[in-house]
Structure formats: structure tokens, C-alpha cells
$ cat upload_28.txt   # compact mmCIF, C-alpha atoms
# COMPACT_ATOMS: atom_id res chain seq x y z
CA MET A 183 -55.06 -36.38 -162.11
CA GLU A 184 -53.63 -33.54 -160.11
CA SER A 185 -56.95 -31.79 -159.72
CA LEU A 186 -58.57 -35.07 -158.63
CA ALA A 187 -55.92 -35.37 -155.91
CA GLU A 188 -56.56 -31.80 -154.89
CA ILE A 189 -60.27 -32.48 -154.60
CA LEU A 190 -59.59 -35.55 -152.45
CA ILE A 191 -57.21 -33.60 -150.22
CA SER A 192 -59.68 -30.76 -149.80
CA ALA A 193 -62.46 -33.23 -149.01
CA GLY A 194 -60.29 -34.84 -146.33
CA LEU A 195 -59.49 -31.48 -144.77
CA VAL A 196 -63.09 -30.30 -144.83
CA ILE A 197 -64.42 -33.55 -143.34
CA GLY A 198 -61.72 -33.41 -140.67
CA GLY A 199 -62.57 -29.80 -139.88
CA ILE A 200 -66.31 -30.45 -139.66
CA PHE A 201 -65.93 -33.36 -137.27
CA GLY A 202 -63.46 -31.45 -135.12
CA LEU A 203 -65.93 -28.58 -134.91
CA VAL A 204 -68.87 -30.85 -134.08
CA GLY A 205 -66.80 -32.52 -131.35
CA SER A 206 -66.01 -29.16 -129.77
CA PHE A 207 -69.62 -28.03 -130.13
CA GLY A 208 -70.71 -31.19 -128.34
CA LEU A 209 -68.59 -30.19 -125.37
CA ILE A 210 -70.67 -27.03 -124.97
CA LYS A 211 -74.05 -28.51 -125.78
CA LEU A 212 -74.14 -31.75 -123.80
CA ARG A 213 -75.13 -31.48 -120.17
CA ASP A 214 -73.41 -33.93 -117.86
CA PRO A 215 -69.69 -34.79 -117.68
CA MET A 216 -70.10 -38.38 -118.92
CA SER A 217 -72.04 -37.25 -122.01
CA ARG A 218 -69.44 -34.58 -122.73
CA LEU A 219 -66.83 -37.31 -122.74
CA HIS A 220 -68.47 -38.77 -125.86
CA ALA A 221 -68.04 -35.70 -128.00
CA PRO A 222 -64.23 -35.40 -128.09
CA THR A 223 -63.42 -39.14 -128.04
CA LYS A 224 -65.71 -39.88 -130.97
CA ALA A 225 -66.02 -36.93 -133.25
CA THR A 226 -62.32 -36.14 -133.18
CA THR A 227 -61.15 -39.62 -134.22
CA LEU A 228 -62.66 -39.06 -137.65
CA GLY A 229 -61.73 -35.37 -137.47
CA VAL A 230 -58.06 -36.19 -137.06
CA GLY A 231 -58.43 -39.15 -139.45
CA GLY A 232 -59.69 -36.97 -142.30
CA THR A 233 -56.80 -34.55 -141.90
CA LEU A 234 -54.29 -37.40 -141.81
CA ILE A 235 -55.69 -39.01 -144.97
CA ALA A 236 -55.39 -35.64 -146.73
CA SER A 237 -51.80 -35.39 -145.54
CA MET A 238 -51.01 -38.91 -146.77
CA ILE A 239 -52.33 -38.11 -150.25
CA HIS A 240 -50.49 -34.81 -150.30
CA ALA A 241 -47.03 -36.13 -149.48
CA PRO A 242 -46.31 -38.43 -152.49
CA LEU A 243 -48.04 -36.18 -155.05
CA PHE A 244 -46.76 -32.75 -154.08
CA GLU A 245 -43.67 -33.38 -152.00
CA GLY A 246 -42.42 -36.40 -153.90
CA HIS A 247 -42.02 -38.90 -151.09
CA LEU A 248 -44.19 -41.42 -149.28
CA SER A 249 -45.19 -40.54 -145.76
CA PHE A 250 -46.24 -43.03 -143.11
CA HIS A 251 -46.12 -40.87 -140.01
CA GLU A 252 -49.87 -40.48 -140.32
CA LEU A 253 -50.38 -44.19 -139.74
CA LEU A 254 -48.35 -43.93 -136.55
CA ILE A 255 -50.36 -40.93 -135.37
CA THR A 256 -53.53 -42.96 -135.92
CA LEU A 257 -52.06 -45.90 -134.01
CA PHE A 258 -50.96 -43.78 -131.04
CA LEU A 259 -54.26 -41.91 -131.01
CA PHE A 260 -56.21 -45.16 -130.89
CA LEU A 261 -53.99 -46.40 -128.07
CA THR A 262 -54.21 -43.24 -125.94
CA ALA A 263 -57.78 -41.99 -126.51
CA PRO A 264 -59.40 -44.84 -124.51
CA VAL A 265 -56.92 -44.36 -121.65
CA THR A 266 -57.67 -40.66 -121.19
CA ALA A 267 -61.41 -41.29 -121.50
CA PHE A 268 -61.08 -44.01 -118.88
CA PHE A 269 -59.24 -41.65 -116.50
CA ILE A 270 -61.87 -38.94 -116.81
CA ALA A 271 -64.66 -41.49 -116.33
CA LYS A 272 -62.95 -42.83 -113.22
CA VAL A 273 -62.64 -39.38 -111.67
CA HIS A 274 -66.33 -38.87 -112.39
CA LEU A 275 -67.20 -42.17 -110.68
CA HIS A 276 -65.14 -41.22 -107.62
CA ARG A 277 -66.67 -37.80 -107.23
CA ASN A 278 -70.22 -37.87 -108.56
CA GLU A 279 -71.53 -41.45 -108.45
CA ARG A 280 -72.42 -43.76 -105.59
CA PRO A 281 -72.80 -47.54 -105.89
CA GLU A 282 -76.59 -47.02 -105.67
CA THR A 283 -76.68 -44.75 -108.72
CA LEU A 284 -75.03 -47.31 -111.02
CA PRO A 285 -76.35 -50.63 -112.36
CA THR A 286 -75.26 -53.47 -110.05
CA PRO A 287 -72.46 -55.71 -111.28
CA GLY A 288 -74.14 -59.00 -110.28
CA GLU A 289 -72.23 -61.20 -107.88
CA ASP A 290 -69.25 -58.77 -107.73
CA ARG A 291 -71.52 -56.30 -105.87
CA LEU A 292 -69.24 -53.26 -106.38
CA TRP A 293 -67.46 -51.54 -109.25
CA ALA A 294 -63.67 -51.44 -108.92
CA THR A 295 -63.60 -47.66 -108.32
CA HIS A 296 -65.97 -47.86 -105.33
CA ASP A 297 -64.30 -51.02 -104.08
CA ALA A 298 -61.06 -49.01 -103.84
CA ASP A 299 -62.91 -46.22 -102.00
CA ARG A 300 -64.24 -48.69 -99.45
CA ASP A 301 -60.75 -50.05 -98.76
CA GLY A 302 -59.70 -46.59 -97.62
CA ASN A 303 -57.65 -45.71 -100.67
CA ARG A 304 -59.47 -42.45 -101.12
CA ASP A 305 -57.14 -39.47 -101.30
CA MET B 277 -35.46 -73.67 -132.42
CA LYS B 278 -35.02 -73.28 -128.67
CA ILE B 279 -32.27 -70.68 -129.09
CA LEU B 280 -34.50 -68.81 -131.50
CA ALA B 281 -37.36 -68.85 -128.97
CA ARG B 282 -34.98 -67.56 -126.29
CA LEU B 283 -33.68 -64.78 -128.56
CA ILE B 284 -37.10 -63.74 -129.80
CA PRO B 285 -39.50 -64.44 -126.93
CA HIS B 286 -42.23 -62.35 -128.51
CA PRO B 287 -42.06 -62.50 -132.32
CA LEU B 288 -45.16 -60.34 -132.81
CA LEU B 289 -43.75 -57.54 -130.66
CA THR B 290 -40.42 -57.79 -132.49
CA ALA B 291 -42.14 -57.43 -135.86
CA LEU B 292 -44.32 -54.57 -134.59
CA LEU B 293 -41.36 -52.65 -133.15
CA THR B 294 -39.39 -53.06 -136.38
CA VAL B 295 -42.30 -51.77 -138.45
CA VAL B 296 -42.98 -48.86 -136.06
CA TRP B 297 -39.32 -47.87 -136.19
CA LEU B 298 -39.35 -47.92 -140.01
CA LEU B 299 -42.50 -45.78 -140.01
CA LEU B 300 -40.93 -43.36 -137.54
CA VAL B 301 -37.86 -42.92 -139.73
CA ASN B 302 -40.24 -42.46 -142.66
CA ARG B 303 -37.62 -43.38 -145.27
CA TRP B 304 -36.62 -46.81 -146.44
CA SER B 305 -33.00 -47.83 -145.79
CA LEU B 306 -31.17 -50.97 -144.71
CA ASN B 307 -29.70 -49.06 -141.77
CA SER B 308 -33.03 -48.26 -140.22
CA LEU B 309 -34.32 -51.79 -140.90
CA LEU B 310 -31.37 -53.26 -139.00
CA PHE B 311 -31.65 -50.77 -136.14
CA GLY B 312 -35.41 -51.34 -135.93
CA PHE B 313 -34.81 -55.08 -135.77
CA PHE B 314 -32.19 -54.51 -133.07
CA LEU B 315 -34.75 -52.57 -131.02
CA GLY B 316 -37.23 -55.37 -131.71
CA LEU B 317 -34.75 -57.84 -130.21
CA VAL B 318 -33.79 -55.82 -127.12
CA ILE B 319 -37.09 -54.28 -126.00
CA PRO B 320 -39.05 -57.58 -125.67
CA VAL B 321 -36.23 -59.10 -123.59
CA VAL B 322 -36.00 -56.04 -121.32
CA THR B 323 -39.77 -55.75 -120.85
CA ALA B 324 -40.39 -59.49 -120.41
CA PRO B 325 -41.18 -59.13 -116.64
CA PHE B 326 -44.16 -56.93 -117.55
CA TRP B 327 -46.07 -59.63 -119.43
CA PRO B 328 -46.01 -62.76 -117.29
CA ASP B 329 -49.09 -64.63 -118.61
CA ARG B 330 -49.19 -63.41 -122.15
CA PRO B 331 -52.15 -64.86 -124.08
CA THR B 332 -51.46 -66.43 -127.44
CA LEU B 333 -53.25 -64.70 -130.29
CA ARG B 334 -54.96 -66.99 -132.75
CA GLY B 335 -56.02 -66.50 -136.34
CA PRO B 336 -54.41 -63.53 -138.12
CA LEU B 337 -57.44 -63.45 -140.44
CA LYS B 338 -59.77 -63.09 -137.47
CA ILE B 339 -57.65 -60.24 -136.10
CA ALA B 340 -57.78 -58.48 -139.48
CA GLU B 341 -61.56 -59.02 -139.62
CA TYR B 342 -61.93 -57.61 -136.10
CA LEU B 343 -59.83 -54.53 -136.92
CA ALA B 344 -61.77 -53.92 -140.14
CA ILE B 345 -65.12 -54.16 -138.33
CA ALA B 346 -63.87 -51.88 -135.54
CA LEU B 347 -62.60 -49.28 -138.05
CA TRP B 348 -65.86 -49.35 -139.98
CA ASP B 349 -67.87 -49.00 -136.77
CA ILE B 350 -65.72 -46.06 -135.70
CA CYS B 351 -66.56 -44.21 -138.95
CA VAL B 352 -70.28 -45.01 -138.66
CA ALA B 353 -70.17 -44.08 -134.97
CA ASN B 354 -68.70 -40.71 -135.73
CA VAL B 355 -71.55 -39.86 -138.07
CA ILE B 356 -74.19 -41.10 -135.62
CA VAL B 357 -72.71 -39.15 -132.70
CA ALA B 358 -72.31 -36.03 -134.87
CA ARG B 359 -76.01 -36.29 -135.83
CA LEU B 360 -77.02 -36.68 -132.18
CA ILE B 361 -74.96 -33.64 -131.19
CA LEU B 362 -76.18 -31.43 -134.02
CA PHE B 363 -79.84 -32.35 -134.44
CA LYS B 364 -81.09 -33.63 -131.12
CA ARG B 365 -82.01 -31.36 -128.27
CA ALA B 366 -79.85 -32.02 -125.22
CA GLN B 367 -82.87 -32.82 -123.04
CA ASP B 368 -84.09 -35.47 -125.51
CA LEU B 369 -80.95 -37.55 -125.13
CA GLU B 370 -81.19 -40.55 -122.85
CA PRO B 371 -77.73 -41.19 -121.42
CA HIS B 372 -77.43 -44.44 -119.45
CA PHE B 373 -74.91 -46.49 -117.55
CA ILE B 374 -75.16 -50.15 -118.48
CA ALA B 375 -73.44 -53.22 -117.03
CA ILE B 376 -72.12 -55.73 -119.55
CA PRO B 377 -71.49 -59.25 -118.20
CA LEU B 378 -68.11 -60.42 -119.49
CA ASP B 379 -67.25 -63.87 -120.82
CA LEU B 380 -63.67 -62.78 -121.47
CA ARG B 381 -61.13 -63.51 -118.71
CA HIS B 382 -57.75 -62.45 -120.12
CA PRO B 383 -56.83 -58.92 -118.97
CA GLU B 384 -55.47 -58.21 -122.46
CA ALA B 385 -58.74 -59.28 -124.09
CA ILE B 386 -60.82 -57.16 -121.69
CA THR B 387 -58.54 -54.18 -122.38
CA ALA B 388 -59.05 -54.63 -126.12
CA LEU B 389 -62.82 -54.82 -125.65
CA ALA B 390 -62.90 -51.73 -123.40
CA ALA B 391 -60.78 -49.74 -125.87
CA THR B 392 -63.00 -50.78 -128.79
CA ILE B 393 -66.12 -49.77 -126.87
CA THR B 394 -64.63 -46.36 -126.08
CA LEU B 395 -63.63 -45.76 -129.71
CA THR B 396 -66.99 -46.76 -131.20
CA PRO B 397 -70.22 -44.78 -131.43
CA GLY B 398 -71.86 -43.32 -128.41
CA THR B 399 -70.35 -45.67 -125.86
CA VAL B 400 -67.52 -45.14 -123.36
CA SER B 401 -66.27 -47.87 -121.06
CA ALA B 402 -65.98 -46.45 -117.56
CA ASP B 403 -65.13 -49.14 -115.04
CA LEU B 404 -64.66 -52.81 -114.33
CA SER B 405 -66.43 -54.62 -111.49
CA ALA B 406 -64.43 -55.56 -108.39
CA ASP B 407 -63.65 -59.09 -109.62
CA GLY B 408 -63.63 -58.31 -113.32
CA HIS B 409 -66.90 -60.00 -114.30
CA TYR B 410 -68.72 -56.91 -115.54
CA LEU B 411 -67.84 -53.86 -117.60
CA LEU B 412 -69.49 -50.51 -116.86
CA VAL B 413 -70.33 -48.68 -120.07
CA HIS B 414 -71.84 -45.24 -120.53
CA CYS B 415 -74.13 -44.72 -123.54
CA LEU B 416 -74.79 -41.27 -124.95
CA HIS B 417 -78.24 -42.16 -126.26
CA ALA B 418 -79.69 -45.56 -125.45
CA PRO B 419 -83.49 -45.81 -125.44
CA ASP B 420 -83.04 -49.61 -125.34
CA PRO B 421 -80.02 -50.53 -123.13
CA ASP B 422 -80.50 -54.31 -123.56
CA SER B 423 -79.96 -54.15 -127.31
CA VAL B 424 -76.65 -52.31 -126.75
CA VAL B 425 -75.44 -55.08 -124.43
CA GLU B 426 -76.54 -57.67 -126.97
CA GLU B 427 -74.76 -55.92 -129.83
CA ILE B 428 -71.47 -55.42 -127.98
CA LYS B 429 -71.44 -59.04 -126.84
CA ASP B 430 -72.22 -60.42 -130.27
CA ARG B 431 -70.20 -58.04 -132.41
CA TYR B 432 -66.99 -57.59 -130.41
CA GLU B 433 -66.77 -59.93 -127.47
CA ARG B 434 -67.53 -63.11 -129.44
CA ARG B 435 -64.79 -62.27 -131.95
CA LEU B 436 -62.27 -61.34 -129.24
CA LYS B 437 -63.01 -64.62 -127.50
CA GLU B 438 -62.13 -66.49 -130.67
CA ILE B 439 -58.90 -64.51 -131.02
CA PHE B 440 -57.68 -64.71 -127.42
CA GLU B 441 -59.01 -68.03 -126.09

$ encode --input "upload_28.txt" --output "C-alpha cells"
Amino acid sequence: MESLAEILISAGLVIGGIFGLVGSFGLIKLRDPMSRLHAPTKATTLGVGGTLIASMIHAPLFEGHLSFHELLITLFLFLTAPVTAFFIAKVHLHRNERPETLPTPGEDRLWATHDADRDGNRD
Amino acid sequence: MKILARLIPHPLLTALLTVVWLLLVNRWSLNSLLFGFFLGLVIPVVTAPFWPDRPTLRGPLKIAEYLAIALWDICVANVIVARLILFKRAQDLEPHFIAIPLDLRHPEAITALAATITLTPGTVSADLSADGHYLLVHCLHAPDPDSVVEEIKDRYERRLKEIFE
């Protein structure tokens, strides 16, 4: 029983480590800023997830108490990851994209970022 | 019933805050349950001005189904993106911006959709159109952009529409 738990914990840690590494590698390998954004937001969710699952198995078996902090970390990560990605994407749109380089949003004509630029809100 | 509705204007948020507090404390005791519930009573009342037109959520089963699908997709997505990063040459990738026409109108529903898109494989939501009718999404590798639009609309947006509207 104990060795089974140890195998599960190790598997969680190794999977977490691999995905964390691949995410970081993606940052180097991919070429444009928007593509680079994919590597950390994706590969690290499972990277952190694997580590957290290992931690959740470890706590009741080796420390003798249940631990739920990991669930909270997952929750906060899922709430904050899209926000940071959104911020970086928005900066990229401001600096490197023009309305002509993006697909047109139908009857709205402009994306919100460029609409704000046009209104003179540019810093 | 009316007094209860006045005291607990947002039962879901109350329950969520209580549970989050218990998880934060990380040990079961009546004390922390009561304090968590106290926070769950006070915070919704104090923050009420921030959610003027709160949508009503429908179907707890549908929400659970949506979360399960999203979680599963996140795992699959991770593997797909990892494979793209490791085994595909950078110049063979076809990154694209795509515009997704939105049927959702609630800001909360659109936020949920945008967050799901960012968390799932190879797609990041980047911007909303000026009047909120389109979502700008960046795909890491999309040889066929139309099928991505189709999939997001059918897999996530349809379900969110059922939950929020």
C-alpha cells in the first residue's frame, strides 16, 4: 500500500516536472509573442496540477492529516492564469497589431483594444 | 423568506466563501465553520454594488458537466501543446488569429467562455470586439480555423448558454 502511494506520488512529481520543463522550453522555441503565450499558460497548468496531486496524496499518508490547500491553489491558478494571459495579449495588440492585421469583427468593425486607441486613450 | 433573501442576497457566494475559508484553515472545526459562514454573510452584502445585474445560474448538473468537460479538455490540451512544442519545428506551426461570433450576451458568461478558451489547448482569448459581439482568439496551430470556431461554439458556448440564459 505504502509503496503504491509512493509510486503515485513520484509519478505526479515527474509528470509535473516534465510539463513545467516543456512549458519553459516552449518559451525559447516558439517565435512570436502570441505563440509564446501558449507555452506557459497551457503546459504549466498540468505541471502544477501534477505536483499538487502528489502533495495531496502525500499529506494524509505520510503526515497524517488531510490537506485541501492544493484545491485552493488550483482554483486561484485557474482564476488568475486567464487574466495574466489576457493582459499580455492586450499589450501585444496595442503595440504590434493594427486593425488590418486582425480578422474583422463583423458589424462591430474594431476590436476593443483598437477602439480605445482611436478614442485617444493611448498612453 | 424575504428576510432570508435580504440577509443572504447571494447564497452561492455565501456557500463558496464558507467552503474556501474552511479549505484555507485546512482543519475541520466548528469555530472555522462559523467564522467562514460569518464572512460568507458579510462579504456579499459589502460587495453587492459590484454585481448589479447578476445572472441566475441554472442547472447544477449542467455546471458540473461543463466543469468536467473543461477539466478533461485542459488535460488533453496540455498533451497536445506539449507534443507541438517538442516535436514540431517552429516554422511548421501555423499560428492564427480567429474571430468567434458570440451568441452569449451576459458579461459573466463571456468571461467564463474567454477563461475556458485560454485554459484549453492551443487557444488564448485575446480581445473582445468594440460592442462585445465577437471574441478574438489566438490559435497556436490551426491549419483549419473554421473547425476551431465550430468546436468552441458547440462544445463550450452552447453549454454556457444553457447555464446562464

$ atom_distance --input "upload_28.txt" --atom1 "atom CA of Leu378 of chain B" --atom2 "atom CA of Ile393 of chain B"
13.1 Å

$ interface_residues --input "upload_28.txt" --of "chain B" --to "chain A" --cutoff "8 Å" --atoms "all atoms listed in the file" --output "PyMOL selection string"
chain B and resi 296+299-300+302-303+350-351+353-355+357-358+361-362+366+371+373-375+377+390-391+394-410+412+414-416

$ atom_distance --input "upload_28.txt" --atom1 "atom CA of Ile189 of chain A" --atom2 "atom CA of Ile239 of chain A"
10.7 Å

$ atom_distance --input "upload_28.txt" --atom1 "atom CA of Asn307 of chain B" --atom2 "atom CA of Ile279 of chain B"
25.2 Å

$ residues_around --input "upload_28.txt" --residues "Phe244 of chain A" --least-positions-apart "2" --cutoff "10 Å" --atoms "all atoms listed in the file" --output "mmCIF file with C-alpha atoms, keeping the file's coordinate frame"
data_model
loop_
_atom_site.group_PDB
_atom_site.id
_atom_site.type_symbol
_atom_site.label_atom_id
_atom_site.label_comp_id
_atom_site.auth_asym_id
_atom_site.auth_seq_id
_atom_site.Cartn_x
_atom_site.Cartn_y
_atom_site.Cartn_z
ATOM 1 C CA GLU A 184 -53.630 -33.540 -160.110
ATOM 2 C CA ALA A 187 -55.920 -35.370 -155.910
ATOM 3 C CA GLU A 188 -56.560 -31.800 -154.890
ATOM 4 C CA ILE A 239 -52.330 -38.110 -150.250
ATOM 5 C CA HIS A 240 -50.490 -34.810 -150.300
ATOM 6 C CA ALA A 241 -47.030 -36.130 -149.480
ATOM 7 C CA PRO A 242 -46.310 -38.430 -152.490
ATOM 8 C CA GLY A 246 -42.420 -36.400 -153.900
ATOM 9 C CA HIS A 247 -42.020 -38.900 -151.090
#

$ closest_residue --input "upload_28.txt" --among "B:Phe314, B:Tyr342, B:Tyr432, B:Trp348" --to "Leu283 of chain B" --atoms "all atoms listed in the file"
B:Phe314

$ build_atoms --input "upload_28.txt" --residues "segment 312-326 of chain B" --atoms "N, CA, C and O atoms" --output "mmCIF file, keeping the file's coordinate frame"
data_model
loop_
_atom_site.group_PDB
_atom_site.id
_atom_site.type_symbol
_atom_site.label_atom_id
_atom_site.label_comp_id
_atom_site.auth_asym_id
_atom_site.auth_seq_id
_atom_site.Cartn_x
_atom_site.Cartn_y
_atom_site.Cartn_z
ATOM 1 N N GLY B 312 -34.071 -50.998 -136.396
ATOM 2 C CA GLY B 312 -35.410 -51.340 -135.930
ATOM 3 C C GLY B 312 -35.459 -52.772 -135.433
ATOM 4 O O GLY B 312 -36.039 -53.064 -134.385
ATOM 5 N N PHE B 313 -34.822 -53.673 -136.170
ATOM 6 C CA PHE B 313 -34.810 -55.080 -135.770
ATOM 7 C C PHE B 313 -34.042 -55.256 -134.463
ATOM 8 O O PHE B 313 -34.427 -56.039 -133.601
ATOM 9 N N PHE B 314 -32.954 -54.477 -134.311
ATOM 10 C CA PHE B 314 -32.190 -54.510 -133.070
ATOM 11 C C PHE B 314 -33.073 -54.101 -131.881
ATOM 12 O O PHE B 314 -33.111 -54.773 -130.848
ATOM 13 N N LEU B 315 -33.809 -52.995 -132.058
ATOM 14 C CA LEU B 315 -34.750 -52.570 -131.020
ATOM 15 C C LEU B 315 -35.773 -53.670 -130.742
ATOM 16 O O LEU B 315 -36.132 -53.949 -129.599
ATOM 17 N N GLY B 316 -36.252 -54.298 -131.836
ATOM 18 C CA GLY B 316 -37.230 -55.370 -131.710
ATOM 19 C C GLY B 316 -36.681 -56.563 -130.951
ATOM 20 O O GLY B 316 -37.431 -57.341 -130.362
ATOM 21 N N LEU B 317 -35.362 -56.741 -130.976
ATOM 22 C CA LEU B 317 -34.750 -57.840 -130.210
ATOM 23 C C LEU B 317 -34.593 -57.462 -128.745
ATOM 24 O O LEU B 317 -34.855 -58.266 -127.857
ATOM 25 N N VAL B 318 -34.149 -56.217 -128.491
ATOM 26 C CA VAL B 318 -33.790 -55.820 -127.120
ATOM 27 C C VAL B 318 -35.024 -55.533 -126.261
ATOM 28 O O VAL B 318 -35.140 -56.030 -125.138
ATOM 29 N N ILE B 319 -35.956 -54.734 -126.810
ATOM 30 C CA ILE B 319 -37.090 -54.280 -126.000
ATOM 31 C C ILE B 319 -37.937 -55.452 -125.438
ATOM 32 O O ILE B 319 -38.258 -55.452 -124.249
ATOM 33 N N PRO B 320 -38.283 -56.468 -126.247
ATOM 34 C CA PRO B 320 -39.050 -57.580 -125.670
ATOM 35 C C PRO B 320 -38.310 -58.278 -124.531
ATOM 36 O O PRO B 320 -38.926 -58.656 -123.521
ATOM 37 N N VAL B 321 -36.994 -58.437 -124.653
ATOM 38 C CA VAL B 321 -36.230 -59.100 -123.590
ATOM 39 C C VAL B 321 -36.253 -58.258 -122.316
ATOM 40 O O VAL B 321 -36.483 -58.765 -121.211
ATOM 41 N N VAL B 322 -36.043 -56.937 -122.487
ATOM 42 C CA VAL B 322 -36.000 -56.040 -121.320
ATOM 43 C C VAL B 322 -37.365 -55.958 -120.634
ATOM 44 O O VAL B 322 -37.465 -55.896 -119.408
ATOM 45 N N THR B 323 -38.448 -55.946 -121.446
ATOM 46 C CA THR B 323 -39.770 -55.750 -120.850
ATOM 47 C C THR B 323 -40.453 -57.067 -120.483
ATOM 48 O O THR B 323 -41.599 -57.053 -120.037
ATOM 49 N N ALA B 324 -39.775 -58.180 -120.663
ATOM 50 C CA ALA B 324 -40.390 -59.490 -120.410
ATOM 51 C C ALA B 324 -41.085 -59.592 -119.043
ATOM 52 O O ALA B 324 -42.162 -60.185 -118.953
ATOM 53 N N PRO B 325 -40.505 -59.018 -117.947
ATOM 54 C CA PRO B 325 -41.180 -59.130 -116.640
ATOM 55 C C PRO B 325 -42.571 -58.497 -116.615
ATOM 56 O O PRO B 325 -43.369 -58.811 -115.745
ATOM 57 N N PHE B 326 -42.861 -57.604 -117.573
ATOM 58 C CA PHE B 326 -44.160 -56.930 -117.550
ATOM 59 C C PHE B 326 -45.284 -57.752 -118.160
ATOM 60 O O PHE B 326 -46.443 -57.396 -118.031
#
